[in-house]
Amino acid sequence: MKKAFLLLITLLVGLSAYATHKVYLIHGYGGLGIEMEKIQKSIQKEGYSTEIYVYKSLIDDVDSVSKNLIQTIQIEKLDTISFITHSMGALVVRSMYEKLDSLVGFPIVHRIVMIAPPNNGSPVADFFSQFKFVKYIVGPNINNLTTNKITGAAKYPIPTCEVGLIAGSFGGKRGFNVFINSDNDGVLIPENTKMGIEKDVVFVKTWHVGLLFNKKVIKYVTNFLKHGRFKIEKK
């Protein structure tokens with residue numbers, strides 16, 4: 001019995017050595033992907049296999065992007081995956097969950113780090129979506145980014161894996177954008193970034209895109225990927 005148990009442990013250890021895991025970095029609305037490179041280089045130093053997934057955010061709808069992302073992931077035949085998203089990239093990953101239950105052999109989603117996610121929409125999108133001609137300039141996703149609970153960002157499924165949330169906050173009645181009548185990172189109100197299922201949440205005093213280049217944020221991302229929490233106490 002003891003020999004059988006040791007054999008099983010040896011087998012499991014051997015299999016884990018060959019398990020494949022990859023971290024996909026998903027940029028936001030209007031992004032080019034290069035803004036994710038600083039975070040990518042940091043986690044690569046920790047040994048993670050990574051890929052920045054680039055898509056046409058001003059042309060392609062969130063749902064079509066998520067469908068293409070699924071196809072990209074399936075080709076690689078990975079065991080597990082994680083995501084680091086910025087802004088609308090979080091909605092791309094959330095949209096994936098509408099399709100995952102029907103997929104066979106799709107890798108397990110381990111963890112997601114959402115940086116400045118518009119999980120409940122943006123007041124900036126609310127303003128611009130009022131004008132019908134705007135979507136012809138900035139694409140269909142302007143409607144997906146609104147705070148409308150039925151047609152906006154809140155309509156997308158909630159992830160079932162561990163999620164860590166990093167949001168920009170200036171901690172006062174006013175934020176980076178003076179036209180938003182509350183604390184904000186220039187685009188989002190901090191409290192509106194939450195879904196309510198996050199394992200860990202942290203706020204950093206910087207603006208929407210600046211989060212991607214903030215040393216503290218980069219450290220938080222690495223910590224969550226490795227440990228499932230942002231702040232690690234030094235022993």
# chains A, B, ... in the order shown; residues from 1 in each chain; ligands from 1
call {"tool": "select_by_dssp", "arguments": {"residues": "range 13-179 of chain A", "states": "helix (DSSP H, G or I)", "output": "number ranges by chain"}}
result
A: 13-17, 34-44, 62-76, 89-96, 100-102, 123-128, 132-138, 141-144, 153-155
call {"tool": "select_by_dssp", "arguments": {"residues": "range 19-203 of chain A", "states": "strand (DSSP E or B)", "output": "ChimeraX atom specification"}}
result
/A:21-26,49-53,80-86,108-115,162-168,200-203
call {"tool": "residues_around", "arguments": {"residues": "range 129-142 of chain A", "least_positions_apart": "5", "cutoff": "10 Å", "atoms": "only C-alpha atoms", "output": "ChimeraX atom specification"}}
result
/A:29-30,56-63,88,121-124,152-153
call {"tool": "closest_atom_pairs", "arguments": {"of": "range 132-178 of chain A", "to": "range 182-198 of chain A", "cutoff": "8 Å", "atoms": "only C-alpha atoms", "output": "Markdown table"}}
result
| residue | atom | partner | partner_atom | distance |
| --- | --- | --- | --- | --- |
| A:Ile158 | CA | A:Met195 | CA | 7.4 |
| A:Glu162 | CA | A:Glu198 | CA | 7.0 |
| A:Val163 | CA | A:Glu198 | CA | 5.0 |
| A:Gly164 | CA | A:Glu198 | CA | 5.7 |
| A:Leu165 | CA | A:Glu198 | CA | 6.6 |
| A:Ala167 | CA | A:Pro190 | CA | 6.1 |
| A:Gly168 | CA | A:Asp185 | CA | 5.0 |
| A:Ser169 | CA | A:Asn184 | CA | 5.8 |
| A:Phe170 | CA | A:Asp183 | CA | 6.3 |
| A:Gly171 | CA | A:Asp183 | CA | 6.5 |
| A:Gly172 | CA | A:Asp183 | CA | 5.7 |
| A:Lys173 | CA | A:Ser182 | CA | 5.0 |
| A:Arg174 | CA | A:Asp183 | CA | 4.6 |
| A:Gly175 | CA | A:Asp183 | CA | 4.3 |
| A:Phe176 | CA | A:Gly186 | CA | 4.8 |
| A:Asn177 | CA | A:Gly186 | CA | 4.4 |
call {"tool": "write_last_selection", "arguments": {"atoms": "N, CA and C atoms", "output": "mmCIF file, in the first residue's frame"}}
result
data_model
loop_
_atom_site.group_PDB
_atom_site.id
_atom_site.type_symbol
_atom_site.label_atom_id
_atom_site.label_comp_id
_atom_site.auth_asym_id
_atom_site.auth_seq_id
_atom_site.Cartn_x
_atom_site.Cartn_y
_atom_site.Cartn_z
ATOM 1 N N ILE A 158 -19.784 36.594 -15.114
ATOM 2 C CA ILE A 158 -18.794 36.764 -14.053
ATOM 3 C C ILE A 158 -17.847 35.560 -14.064
ATOM 4 N N GLU A 162 -10.182 32.578 -9.665
ATOM 5 C CA GLU A 162 -9.704 33.611 -8.746
ATOM 6 C C GLU A 162 -9.428 34.895 -9.530
ATOM 7 N N VAL A 163 -9.997 35.992 -9.050
ATOM 8 C CA VAL A 163 -9.829 37.282 -9.718
ATOM 9 C C VAL A 163 -9.233 38.300 -8.754
ATOM 10 N N GLY A 164 -8.208 39.000 -9.216
ATOM 11 C CA GLY A 164 -7.629 40.099 -8.470
ATOM 12 C C GLY A 164 -7.889 41.393 -9.210
ATOM 13 N N LEU A 165 -8.273 42.448 -8.496
ATOM 14 C CA LEU A 165 -8.641 43.721 -9.115
ATOM 15 C C LEU A 165 -7.709 44.843 -8.657
ATOM 16 N N ALA A 167 -7.298 48.944 -9.279
ATOM 17 C CA ALA A 167 -7.973 50.105 -9.843
ATOM 18 C C ALA A 167 -7.275 51.392 -9.438
ATOM 19 N N GLY A 168 -7.439 52.421 -10.262
ATOM 20 C CA GLY A 168 -6.879 53.724 -9.963
ATOM 21 C C GLY A 168 -7.820 54.527 -9.087
ATOM 22 N N SER A 169 -7.271 55.170 -8.084
ATOM 23 C CA SER A 169 -8.085 55.988 -7.179
ATOM 24 C C SER A 169 -7.236 57.099 -6.603
ATOM 25 N N PHE A 170 -7.826 58.303 -6.530
ATOM 26 C CA PHE A 170 -7.120 59.440 -5.939
ATOM 27 C C PHE A 170 -7.629 59.730 -4.533
ATOM 28 N N GLY A 171 -8.568 58.914 -4.072
ATOM 29 C CA GLY A 171 -8.989 58.940 -2.680
ATOM 30 C C GLY A 171 -9.749 60.160 -2.214
ATOM 31 N N GLY A 172 -10.323 60.933 -3.120
ATOM 32 C CA GLY A 172 -11.061 62.123 -2.723
ATOM 33 C C GLY A 172 -12.371 62.265 -3.464
ATOM 34 N N LYS A 173 -12.965 63.444 -3.373
ATOM 35 C CA LYS A 173 -14.224 63.701 -4.067
ATOM 36 C C LYS A 173 -14.018 63.944 -5.553
ATOM 37 N N ARG A 174 -12.800 64.243 -5.924
ATOM 38 C CA ARG A 174 -12.457 64.462 -7.318
ATOM 39 C C ARG A 174 -11.296 63.566 -7.702
ATOM 40 N N GLY A 175 -11.227 63.230 -8.980
ATOM 41 C CA GLY A 175 -10.153 62.365 -9.447
ATOM 42 C C GLY A 175 -9.375 62.996 -10.573
ATOM 43 N N PHE A 176 -8.845 62.155 -11.445
ATOM 44 C CA PHE A 176 -7.992 62.611 -12.544
ATOM 45 C C PHE A 176 -8.780 63.422 -13.577
ATOM 46 N N ASN A 177 -10.025 63.027 -13.808
ATOM 47 C CA ASN A 177 -10.877 63.712 -14.779
ATOM 48 C C ASN A 177 -11.840 64.633 -14.026
#
call {"tool": "residues_around", "arguments": {"residues": "His86 in chain A", "least_positions_apart": "3", "cutoff": "7 Å", "atoms": "only C-alpha atoms", "output": "PyMOL selection string"}}
result
chain A and resi 26-28+89-90+114-117
call {"tool": "write_last_selection", "arguments": {"atoms": "C-alpha atoms", "output": "tab-separated table (two decimals), in the first residue's frame"}}
result
chain	number	residue	atom	x	y	z
A	26	ILE	CA	-5.22	41.53	-23.06
A	27	HIS	CA	-5.05	45.26	-23.77
A	28	GLY	CA	-7.93	47.69	-23.55
A	89	GLY	CA	-9.65	43.55	-21.95
A	90	ALA	CA	-11.54	42.40	-18.85
A	114	MET	CA	-7.90	42.86	-13.93
A	115	ILE	CA	-6.28	46.30	-14.13
A	116	ALA	CA	-8.77	49.20	-14.33
A	117	PRO	CA	-11.63	47.01	-15.59
call {"tool": "atom_distance", "arguments": {"atom1": "CA of Lys149 in chain A", "atom2": "CA of Leu25 in chain A"}}
result
26.5 Å
call {"tool": "atom_distance", "arguments": {"atom1": "CA of Asn144 in chain A", "atom2": "CA of Phe203 in chain A"}}
result
24.1 Å
call {"tool": "residues_around", "arguments": {"residues": "Pro159 in chain A", "least_positions_apart": "5", "cutoff": "12 Å", "atoms": "only C-alpha atoms", "output": "list in words"}}
result
Ser82, Phe83, Ala90, Leu91, Val92, Val93, Arg94, Ser95, Met96, Tyr97, Glu98, Lys99, Leu100, Asp101, Ile108, Val109, His110, Arg111, Ile112, Val113, Met114, Asn119, Gly164, Met195, Gly196, Ile197, Glu198 and Lys199 of chain A
